[in-house]
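Okay, so here's the structure we're looking at.
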Amino acid sequence: MAFGALFGIPLGALALLRLDPLVIRWTIVTLAALMLALLLSGWRYRGKPNTPLTFGVGAFAGVFSGAAQVGGPPVVAYWLGSTMPAANTRASIILYFSASTAIAVATYFAGGILNASVLGLALLMGPVYGLGLFIGARLFGVADESFFRRICYVLIAVAIVVSLPALDGVIR
């Protein structure tokens with residue numbers, strides 16, 4: 001999956017540099033909402049994960065990551081939709097995002113997107129993000145698998161809502 005992201009992230013970063021930000025935001029929010037609806041419908045990918053499909057999901061998620069750092073919905077939809085145990089799903093998600101973050105940082109740096117103001121914001125938000133990771137890691141073993149999936153669905157829904165351009169005047 002990370003190999004797919006290696007191809008998708010530069011394409012998403014190019015879109016970030018060239019397209020209207022509002023178009024990118026509405027596209028990302030719409031696709032994330034569609035993927036969440038697919039998961040909530042009960043649909044599950046029943047086939048065995050295979051290399052071309054996994055690469056494709058990684059590339060698709062990479063485009064989202066490159067354009068707006070929201071590569072989660074395709075990855076989560078793919079893995080949460082599977083019958084893989086929650087611990088394996090969580091490990092796969094963590095590994096993918098570690099690799100895709102490194103790819104995105106290199107891509108953004110090379111493309112001139114990563115500048116002092118972005119780094120300052122990252123340093124400001126880093127502790128909050130780290131706290132969320134710490135709390136999530138501590139609570140992971142406490143929740144059963146169905147509760148874990150429901151938490152993921154709620155987090156995706158919250159991300160969609162707070163990302164809606166129509167709510168900019170209310171949230172921001």
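Identifiers for the structure tokens are assigned positionally: chains receive A, B, ... in sequence, residues are indexed from 1 per chain, and ligands are indexed from 1 in the order shown.
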
Please tabulate, as a Markdown table, the residues of region 74-128 of chain A that come within 12 Å of region 13-19 of chain A, each with its closest pair of atoms and the distance in Å to one decimal, counting only C-alpha atoms and ordering rows by chain, then residue number upward.
| residue | atom | partner | partner_atom | distance |
| --- | --- | --- | --- | --- |
| A:Ile103 | CA | A:Ala13 | CA | 11.1 |
| A:Ala104 | CA | A:Ala13 | CA | 8.4 |
| A:Val105 | CA | A:Ala13 | CA | 10.6 |
| A:Ala106 | CA | A:Ala13 | CA | 11.0 |
| A:Thr107 | CA | A:Ala13 | CA | 7.4 |
| A:Tyr108 | CA | A:Ala13 | CA | 7.1 |
| A:Phe109 | CA | A:Ala13 | CA | 10.6 |
| A:Ala110 | CA | A:Ala13 | CA | 10.3 |
| A:Gly111 | CA | A:Ala13 | CA | 7.8 |
| A:Gly112 | CA | A:Leu17 | CA | 9.7 |
| A:Ile113 | CA | A:Leu17 | CA | 8.2 |
| A:Leu114 | CA | A:Ala13 | CA | 11.0 |

Expected file: the selected residues, N, CA and C atoms, as a short mmCIF file (atom, residue, chain, number, x, y, z; two decimals), in the first residue's frame:
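Here's the written file out-v9.cif:
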data_model
loop_
_atom_site.label_atom_id
_atom_site.label_comp_id
_atom_site.auth_asym_id
_atom_site.auth_seq_id
_atom_site.Cartn_x
_atom_site.Cartn_y
_atom_site.Cartn_z
N ILE A 103 6.78 9.92 3.07
CA ILE A 103 6.71 10.22 1.63
C ILE A 103 6.16 11.63 1.42
N ALA A 104 5.12 11.99 2.17
CA ALA A 104 4.51 13.32 2.03
C ALA A 104 5.49 14.42 2.44
N VAL A 105 6.19 14.23 3.53
CA VAL A 105 7.16 15.24 3.98
C VAL A 105 8.21 15.47 2.90
N ALA A 106 8.74 14.40 2.35
CA ALA A 106 9.75 14.53 1.29
C ALA A 106 9.15 15.22 0.05
N THR A 107 7.93 14.85 -0.31
CA THR A 107 7.28 15.45 -1.47
C THR A 107 7.00 16.93 -1.24
N TYR A 108 6.46 17.27 -0.08
CA TYR A 108 6.16 18.67 0.23
C TYR A 108 7.43 19.51 0.29
N PHE A 109 8.47 18.96 0.86
CA PHE A 109 9.74 19.68 0.92
C PHE A 109 10.27 19.93 -0.48
N ALA A 110 10.26 18.91 -1.32
CA ALA A 110 10.76 19.04 -2.70
C ALA A 110 9.89 20.01 -3.50
N GLY A 111 8.59 20.06 -3.21
CA GLY A 111 7.69 20.94 -3.96
C GLY A 111 7.57 22.34 -3.40
N GLY A 112 8.28 22.63 -2.31
CA GLY A 112 8.23 23.95 -1.72
C GLY A 112 6.98 24.22 -0.89
N ILE A 113 6.21 23.19 -0.61
CA ILE A 113 4.98 23.35 0.18
C ILE A 113 5.31 23.43 1.67
N LEU A 114 6.32 22.73 2.08
CA LEU A 114 6.72 22.69 3.49
C LEU A 114 7.61 23.90 3.77
#

List the neighbours of Ala86 (chain A) out to 8 Å using only C-alpha atoms; skip same-chain residues closer than 2 positions along the sequence, and give me the result as a PyMOL selection string.
-> chain A and resi 84+88-90+145+148

Residue with smallest distance to Val76 (chain A) - pool A:Ala137, A:Leu155, A:Ala166, A:Val63, counting only C-alpha atoms =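 The shortest atom-to-atom distance to Val76 (chain A) comes from A:Leu155.
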
Would you list the contacts of Asp168 (chain A) as a ChimeraX atom specification, taking every protein, DNA or RNA residue within 12 Å and counting only C-alpha atoms, but skipping same-chain residues closer than 5 positions in sequence?
-> /A:22,25,161-163

Go ahead and compute the interatomic distance for CA of Tyr78 (chain A) and CA of Gly141 (chain A), in Å to one decimal.
->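 About the pair CA of Tyr78 (chain A) and CA of Gly141 (chain A): they are 21.8 Å apart.
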
Mind listing the alpha helix (DSSP H) residues of region 16-152 of chain A, per DSSP on the backbone, as a PyMOL selection string?
-> chain A and resi 16-18+21-40+51-68+72-80+86-111+116-140+145-152

Rounded to one decimal in Å, what is the spacing between CA of Asp20 (chain A) and CA of Leu167 (chain A)?
->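 Computing the Euclidean distance for CA of Asp20 (chain A) and CA of Leu167 (chain A) yields 17.8 Å.
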
Sort by chain and increasing residue number a table of all residues of region 48-113 of chain A within 12 Å of region 37-41 of chain A, each with its closest pair of atoms and their distance in Å to one decimal, counting only C-alpha atoms, and write it as CSV.
residue,atom,partner,partner_atom,distance
A:Pro73,CA,A:Leu39,CA,10.1
A:Pro74,CA,A:Leu39,CA,10.6
A:Val75,CA,A:Leu39,CA,11.9
A:Val76,CA,A:Leu39,CA,9.4
A:Ala77,CA,A:Leu39,CA,6.5
A:Tyr78,CA,A:Leu39,CA,9.2
A:Trp79,CA,A:Leu39,CA,10.4
A:Leu80,CA,A:Leu39,CA,7.8
A:Gly81,CA,A:Leu39,CA,6.5
A:Ser82,CA,A:Leu39,CA,10.2

Any chance you can output those residues with N, CA, C and O atoms as a tab-separated table (two decimals), in the first residue's frame?
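This went into selection27.tsv:
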chain	number	residue	atom	x	y	z
A	73	PRO	N	-9.51	7.91	4.71
A	73	PRO	CA	-10.74	7.23	4.31
A	73	PRO	C	-10.56	6.02	3.38
A	73	PRO	O	-11.12	4.95	3.68
A	74	PRO	N	-9.79	6.10	2.31
A	74	PRO	CA	-9.65	4.89	1.48
A	74	PRO	C	-8.95	3.75	2.20
A	74	PRO	O	-9.35	2.58	2.09
A	75	VAL	N	-7.92	4.08	2.97
A	75	VAL	CA	-7.17	3.05	3.69
A	75	VAL	C	-8.04	2.40	4.75
A	75	VAL	O	-8.13	1.17	4.87
A	76	VAL	N	-8.72	3.23	5.53
A	76	VAL	CA	-9.57	2.71	6.59
A	76	VAL	C	-10.75	1.94	6.01
A	76	VAL	O	-11.12	0.88	6.51
A	77	ALA	N	-11.34	2.45	4.92
A	77	ALA	CA	-12.45	1.73	4.28
A	77	ALA	C	-12.00	0.35	3.80
A	77	ALA	O	-12.72	-0.63	3.96
A	78	TYR	N	-10.82	0.28	3.25
A	78	TYR	CA	-10.29	-0.99	2.74
A	78	TYR	C	-10.05	-1.97	3.89
A	78	TYR	O	-10.48	-3.12	3.83
A	79	TRP	N	-9.38	-1.51	4.94
A	79	TRP	CA	-9.04	-2.43	6.02
A	79	TRP	C	-10.18	-2.65	7.01
A	79	TRP	O	-10.34	-3.76	7.51
A	80	LEU	N	-10.95	-1.62	7.31
A	80	LEU	CA	-12.09	-1.85	8.20
A	80	LEU	C	-13.16	-2.67	7.52
A	80	LEU	O	-13.95	-3.33	8.18
A	81	GLY	N	-13.20	-2.61	6.22
A	81	GLY	CA	-14.17	-3.41	5.47
A	81	GLY	C	-13.80	-4.86	5.39
A	81	GLY	O	-14.61	-5.70	5.01
A	82	SER	N	-12.59	-5.20	5.75
A	82	SER	CA	-12.13	-6.59	5.67
A	82	SER	C	-12.52	-7.35	6.94
A	82	SER	O	-13.05	-6.79	7.88

Long-range neighbours of Phe64 (chain A) as a PyMOL selection string, 9 Å cut-off, only C-alpha atoms, 4 positions minimum in chain | chain A and resi 8-9+12-13+28+59-60+68-74

Neighbour list for Ala33 (chain A) as a list in words, cut-off 9 Å, only C-alpha atoms, skip fewer than 6 positions in-chain |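 After dropping sequence-adjacent residues, the list is Pro73, Ile156, Ala157 and Ile160 of chain A.
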
Extract, using only C-alpha atoms, all DNA, RNA and protein residues at most 8 Å from region 97-102 of chain A, discarding same-chain residues fewer than 3 positions from it, and format them as a PyMOL selection string.
-> chain A and resi 2+5-6+9+62+65+93-94+105-106
